[in-house]
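work.txt follows (compact mmCIF, C-alpha atoms):
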# COMPACT_ATOMS: atom_id res chain seq x y z
CA MET A 1 0.00 0.00 0.00
CA SER A 2 1.38 3.40 -0.95
CA ARG A 3 1.82 6.11 1.66
CA PRO A 4 1.50 9.86 0.99
CA PHE A 5 4.30 12.23 1.93
CA LEU A 6 5.16 15.90 1.72
CA LYS A 7 8.52 17.11 0.47
CA MET A 8 9.47 20.21 2.48
CA ASN A 9 12.52 22.35 3.03
CA GLY A 10 13.87 24.92 5.43
CA LEU A 11 16.42 27.07 3.57
CA GLY A 12 17.15 24.18 1.21
CA ASN A 13 17.64 21.64 4.02
CA ASP A 14 15.09 19.19 2.63
CA PHE A 15 12.82 16.59 4.19
CA VAL A 16 10.40 13.83 3.35
CA VAL A 17 7.58 14.21 5.89
CA VAL A 18 5.30 11.24 6.58
CA GLU A 19 2.20 11.49 8.78
CA THR A 20 1.57 8.27 10.72
CA ARG A 21 -1.29 9.22 13.01
CA THR A 22 -3.70 7.19 10.87
CA ALA A 23 -1.39 4.28 9.95
CA PRO A 24 1.84 3.12 11.66
CA PHE A 25 5.18 3.58 9.89
CA ALA A 26 8.43 2.24 11.37
CA PRO A 27 11.08 2.45 8.62
CA THR A 28 14.22 0.35 8.76
CA ALA A 29 17.61 1.94 8.15
CA ASP A 30 17.61 0.44 4.64
CA GLU A 31 14.19 1.93 3.92
CA VAL A 32 15.32 5.36 5.12
CA ARG A 33 18.40 5.22 2.90
CA ALA A 34 16.23 4.19 -0.07
CA ILE A 35 13.84 7.10 0.46
CA ALA A 36 16.69 9.59 0.95
CA ASN A 37 18.64 8.43 -2.13
CA ARG A 38 18.60 11.33 -4.60
CA GLU A 39 19.10 9.11 -7.64
CA THR A 40 16.69 6.23 -7.00
CA GLY A 41 14.42 7.51 -4.21
CA VAL A 42 12.64 10.74 -3.35
CA GLY A 43 15.85 12.35 -2.14
CA CYS A 44 16.25 14.26 1.13
CA ASP A 45 18.59 15.19 3.95
CA GLN A 46 16.23 13.76 6.59
CA LEU A 47 13.12 11.63 6.84
CA ILE A 48 10.56 12.98 9.33
CA VAL A 49 7.73 10.93 10.82
CA VAL A 50 4.84 12.74 12.54
CA GLU A 51 3.10 10.54 15.12
CA ALA A 52 0.13 11.01 17.45
CA SER A 53 0.74 12.27 20.99
CA ASP A 54 -1.48 12.34 24.06
CA THR A 55 0.36 15.32 25.58
CA ALA A 56 1.36 17.46 22.57
CA ASP A 57 0.17 18.32 19.08
CA ALA A 58 2.46 15.61 17.69
CA HIS A 59 5.41 13.37 18.44
CA VAL A 60 8.10 13.73 15.79
CA ARG A 61 11.00 11.41 14.85
CA PHE A 62 13.94 12.21 12.57
CA TRP A 63 16.29 10.02 10.50
CA ASN A 64 19.39 11.22 8.69
CA ALA A 65 19.96 10.17 5.09
CA ASP A 66 22.36 7.43 6.25
CA GLY A 67 19.50 5.66 8.05
CA GLU A 68 20.39 6.66 11.61
CA GLU A 69 17.62 8.01 13.84
CA VAL A 70 18.61 11.28 15.54
CA SER A 71 17.13 13.28 18.38
CA ALA A 72 16.85 16.75 16.88
CA CYS A 73 16.51 18.68 13.63
CA GLY A 74 15.89 22.40 13.87
CA ASN A 75 14.79 23.09 10.30
CA GLY A 76 12.66 19.96 10.31
CA THR A 77 10.96 20.97 13.55
CA ARG A 78 10.20 24.35 12.03
CA CYS A 79 8.60 22.72 8.98
CA VAL A 80 6.49 20.36 11.09
CA GLY A 81 5.48 23.25 13.32
CA TRP A 82 4.19 25.15 10.29
CA LEU A 83 2.20 22.09 9.12
CA LEU A 84 0.62 21.61 12.54
CA MET A 85 -0.32 25.27 12.84
CA GLN A 86 -1.81 25.26 9.35
CA ALA A 87 -3.89 22.19 10.25
CA SER A 88 -5.10 23.57 13.60
CA GLY A 89 -5.49 27.22 12.66
CA ARG A 90 -3.61 28.17 15.81
CA ASP A 91 -0.43 30.23 16.11
CA GLU A 92 1.38 27.70 18.30
CA ALA A 93 2.24 24.01 18.14
CA VAL A 94 3.77 21.80 20.82
CA ILE A 95 6.07 19.09 19.47
CA GLU A 96 7.55 16.14 21.33
CA THR A 97 10.97 14.90 20.18
CA LYS A 98 13.70 12.71 21.61
CA ALA A 99 15.53 15.96 22.43
CA GLY A 100 12.57 17.19 24.50
CA ARG A 101 9.39 19.19 24.18
CA LEU A 102 9.64 22.05 21.65
CA VAL A 103 7.22 24.90 21.00
CA ALA A 104 6.78 26.41 17.53
CA THR A 105 5.02 29.76 17.01
CA ARG A 106 3.95 31.64 13.91
CA ALA A 107 6.34 34.53 13.20
CA GLY A 108 4.99 35.79 9.87
CA GLU A 109 4.02 34.54 6.41
CA ARG A 110 5.64 31.06 6.28
CA LEU A 111 7.97 32.15 9.08
CA VAL A 112 8.19 30.02 12.22
CA SER A 113 10.00 30.48 15.53
CA VAL A 114 10.95 27.42 17.55
CA ASP A 115 12.02 27.45 21.19
CA MET A 116 14.86 24.93 20.97
CA GLY A 117 15.26 24.83 24.75
CA LEU A 118 18.47 25.02 26.75
CA PRO A 119 21.78 24.21 25.05
CA GLY A 120 23.94 21.48 26.57
CA LEU A 121 27.28 23.01 27.56
CA GLU A 122 28.94 20.40 29.77
CA TRP A 123 31.27 17.86 28.18
CA ARG A 124 29.03 14.93 29.19
CA GLU A 125 26.04 16.63 27.55
CA ILE A 126 27.67 16.96 24.11
CA PRO A 127 28.78 14.14 24.69
CA LEU A 128 32.59 13.97 24.57
CA ALA A 129 34.60 10.82 25.25
CA SER A 130 36.58 12.60 28.01
CA GLU A 131 36.51 15.83 29.99
CA HIS A 132 37.38 19.01 28.06
CA ASP A 133 36.56 22.71 28.16
CA THR A 134 33.64 23.05 25.72
CA VAL A 135 34.08 26.84 25.36
CA SER A 136 37.51 26.40 23.82
CA LEU A 137 38.40 22.80 23.05
CA GLY A 138 42.08 22.16 23.70
CA VAL A 139 42.36 19.29 21.20
CA SER A 140 43.53 19.35 17.59
CA LEU A 141 40.81 17.66 15.54
CA TYR A 142 42.29 18.31 12.10
CA ASP A 143 45.60 19.78 10.94
CA HIS A 144 44.67 22.78 8.79
CA ALA A 145 45.82 26.41 8.92
CA ASP A 146 42.24 27.78 9.13
CA LEU A 147 41.43 25.55 12.12
CA MET A 148 44.13 26.82 14.47
CA ALA A 149 41.62 28.60 16.74
CA PRO A 150 40.18 26.07 19.24
CA PRO A 151 36.59 25.09 18.40
CA GLY A 152 33.66 25.19 20.79
CA CYS A 153 31.19 22.39 21.52
CA VAL A 154 27.44 22.68 22.12
CA SER A 155 24.58 20.19 22.25
CA MET A 156 21.24 21.28 20.80
CA GLY A 157 19.74 17.85 21.43
CA ASN A 158 22.45 16.63 19.05
CA PRO A 159 26.23 17.16 19.23
CA HIS A 160 27.96 20.09 17.51
CA VAL A 161 31.52 21.28 17.23
CA VAL A 162 32.03 24.81 15.85
CA PHE A 163 35.25 26.05 14.26
CA PHE A 164 35.76 29.81 13.95
CA VAL A 165 37.53 30.52 10.67
CA PRO A 166 38.70 33.71 8.89
CA ASP A 167 37.08 32.80 5.54
CA VAL A 168 34.53 29.99 5.48
CA GLU A 169 34.49 29.86 1.67
CA SER A 170 38.14 28.81 1.54
CA VAL A 171 37.82 25.88 3.98
CA PRO A 172 37.78 22.42 2.30
CA ILE A 173 34.74 21.29 4.26
CA ALA A 174 34.07 18.17 2.19
CA ARG A 175 37.53 16.89 3.17
CA ILE A 176 37.59 18.04 6.81
CA GLY A 177 33.96 17.37 7.74
CA PRO A 178 33.89 13.56 7.61
CA VAL A 179 37.20 13.25 9.48
CA VAL A 180 36.02 15.44 12.36
CA GLU A 181 32.54 13.85 12.31
CA HIS A 182 34.09 10.46 13.13
CA HIS A 183 36.82 11.70 15.52
CA PRO A 184 37.07 9.42 18.59
CA LEU A 185 36.42 12.38 20.89
CA PHE A 186 32.76 12.20 19.78
CA PRO A 187 31.23 8.81 20.69
CA GLN A 188 27.95 9.68 18.91
CA GLN A 189 29.77 11.39 16.02
CA VAL A 190 29.28 15.12 15.59
CA ASN A 191 27.88 17.87 13.37
CA VAL A 192 30.73 20.11 12.24
CA GLY A 193 30.15 23.86 11.87
CA PHE A 194 32.50 26.34 10.20
CA ALA A 195 31.65 29.88 11.32
CA GLN A 196 33.00 33.19 10.08
CA ILE A 197 32.21 36.17 12.33
CA VAL A 198 31.02 38.93 9.98
CA ALA A 199 29.83 41.34 12.69
CA ALA A 200 28.70 41.25 16.31
CA ASP A 201 25.24 40.31 15.06
CA ARG A 202 26.03 38.35 11.90
CA ILE A 203 27.72 34.97 11.29
CA ARG A 204 28.43 33.20 8.00
CA LEU A 205 28.02 29.46 8.62
CA ARG A 206 28.46 26.22 6.71
CA VAL A 207 27.73 22.84 8.30
CA TRP A 208 28.87 19.30 7.66
CA GLU A 209 25.93 17.37 9.10
CA ARG A 210 26.58 13.93 10.55
CA GLY A 211 24.93 11.28 8.43
CA ALA A 212 23.96 13.77 5.72
CA GLY A 213 27.11 15.62 4.63
CA LEU A 214 27.41 19.26 3.59
CA THR A 215 23.94 20.74 3.89
CA ARG A 216 22.45 24.00 2.63
CA ALA A 217 21.21 24.80 6.12
CA CYS A 218 21.25 23.28 9.60
CA GLY A 219 18.94 24.76 12.21
CA THR A 220 20.54 23.18 15.27
CA GLY A 221 23.94 24.02 13.75
CA ALA A 222 22.94 27.70 13.54
CA CYS A 223 21.81 27.62 17.17
CA ALA A 224 25.05 25.94 18.25
CA ALA A 225 27.19 28.44 16.31
CA LEU A 226 25.50 31.44 17.96
CA VAL A 227 25.84 29.92 21.44
CA ALA A 228 29.49 28.98 20.85
CA ALA A 229 30.28 32.47 19.51
CA ALA A 230 28.50 34.25 22.37
CA ARG A 231 30.33 32.11 24.95
CA ARG A 232 33.60 33.30 23.41
CA GLU A 233 32.30 36.92 23.31
CA LEU A 234 32.76 36.94 19.53
CA THR A 235 29.14 38.08 19.13
CA GLY A 236 26.23 39.16 21.29
CA ARG A 237 23.40 36.82 22.26
CA HIS A 238 21.47 37.27 19.02
CA ALA A 239 22.58 37.20 15.40
CA THR A 240 21.55 36.56 11.83
CA LEU A 241 23.12 33.34 10.57
CA GLU A 242 23.96 33.34 6.85
CA LEU A 243 23.76 29.76 5.53
CA ASP A 244 24.09 28.50 1.97
CA GLY A 245 20.29 28.26 1.71
CA GLY A 246 19.41 31.59 3.31
CA GLU A 247 19.22 33.27 6.70
CA LEU A 248 18.08 32.25 10.18
CA PHE A 249 17.71 34.57 13.15
CA ILE A 250 18.96 33.02 16.40
CA GLU A 251 18.55 34.43 19.90
CA TRP A 252 20.06 33.01 23.09
CA ARG A 253 17.71 34.53 25.62
CA ASP A 254 18.68 35.57 29.13
CA ASP A 255 16.65 32.62 30.50
CA GLY A 256 18.99 30.29 28.59
CA HIS A 257 16.55 29.20 25.88
CA VAL A 258 17.62 29.34 22.24
CA ILE A 259 15.03 30.67 19.78
CA MET A 260 15.36 29.95 16.06
CA THR A 261 13.31 31.86 13.47
CA GLY A 262 13.19 31.13 9.76
CA PRO A 263 11.05 30.01 6.81
CA ALA A 264 9.30 26.74 6.03
CA ALA A 265 8.33 25.66 2.50
CA VAL A 266 6.37 22.86 0.87
CA ASP A 267 7.95 21.59 -2.35
CA PHE A 268 5.54 18.88 -3.53
CA MET A 269 3.35 15.94 -2.52
CA GLY A 270 3.93 12.32 -3.49
CA GLU A 271 3.47 8.71 -2.47
CA LEU A 272 5.97 6.21 -1.14
CA PRO A 273 5.61 2.71 -2.60
When written as structure tokens, how does the structure in this file appear?
Amino acid sequence: MSRPFLKMNGLGNDFVVVETRTAPFAPTADEVRAIANRETGVGCDQLIVVEASDTADAHVRFWNADGEEVSACGNGTRCVGWLLMQASGRDEAVIETKAGRLVATRAGERLVSVDMGLPGLEWREIPLASEHDTVSLGVSLYDHADLMAPPGCVSMGNPHVVFFVPDVESVPIARIGPVVEHHPLFPQQVNVGFAQIVAADRIRLRVWERGAGLTRACGTGACAALVAAARRELTGRHATLELDGGELFIEWRDDGHVIMTGPAAVDFMGELP
């Protein structure tokens, strides 16, 4: 029996979204990889499954293109939040994820803000394999001239390491990203951000996403980059993040919560075999 899906994207970070509140769907890793394959499947960075919840508007699960289920996806949460608000007619949606309970609110025409909660800043929360200072990591992860400044580490429900570089366009991310992603310091692997500080309220960011590769946008990566930069006093506590797919506005509020605001788009509808 075929199953309908929506193809969505947040700044070019694209998703296959499947609603399972009327019929169960528990994809295997092989099935996820088949759906995500851009040559033989639908093609996407992540598969998203929207399930029923007794305590929220929906329970949402995420799988990377490599078939691994992950706890968090910022752009994906924003897209699902928009769908739920469109369906309910309300300006708020509560979403349960493995990373916790997230609240999405309408911020304009096809704009959604998501309260991503509190960032994890302790080394066990990232997690790291051993104790290190997560503000300024004293470990060489890759030998490259642009990576001399120590990176910072942040968890946004998933692990991130953020390098601060003088010119993000000149960094060979496709070569560095997979090496750092699988570094033994990160037992759950890691998303790798490369951030160029443009101004106190603007960051140019590119992200090598674990299990997906170089992506046009990464919502949790943008949140992690702002938090890492603010902890180093490279920026203030809010900034516009310039990603390959467009811009996100990130605020690290005084109460510790990280708020991400950006667009959500529907590309097309289809059916999975």
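With distances restricted to all atoms listed in the file, A:Pro172 is the closest residue to Val207 in chain A from A:Gly236, A:Pro187, A:Pro172, A:Gly108.
Among the candidates A:Glu68, A:Asp30, A:Asp45, A:Glu131, the one nearest to Ala217 in chain A when counting all atoms listed in the file is A:Asp45.
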Inset, instruction - Skip Arg61 in chain A itself and residues of its chain fewer than 2 positions away, then list as a list in words all residues within 8 Å of it, counting only C-alpha atoms. - result: Ile48, Val49, Val50, Glu51, His59, Trp63, Glu69, Val70, Ser71, Thr97 and Lys98 of chain A
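Nearest residue to Cys73 in chain A among A:Glu181, A:Asp267, A:Glu122, A:Asp14 is A:Asp14, counting only C-alpha atoms.
Residue nearest Leu6 in chain A, chosen from A:Val32, A:Val168, A:Ala99, A:Val42 and counting all atoms listed in the file: A:Val42.
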Selection: 8 Å around Val227 in chain A, only C-alpha atoms, excl. self and same-chain fewer than 6 positions, as a PDB file with C-alpha atoms, keeping the file's coordinate frame:
ATOM      1  CA  PRO A 119      21.780  24.210  25.050  1.00  0.00           C
ATOM      2  CA  VAL A 154      27.440  22.680  22.120  1.00  0.00           C
ATOM      3  CA  ARG A 237      23.400  36.820  22.260  1.00  0.00           C
ATOM      4  CA  TRP A 252      20.060  33.010  23.090  1.00  0.00           C
TER       5      TRP A 252
END
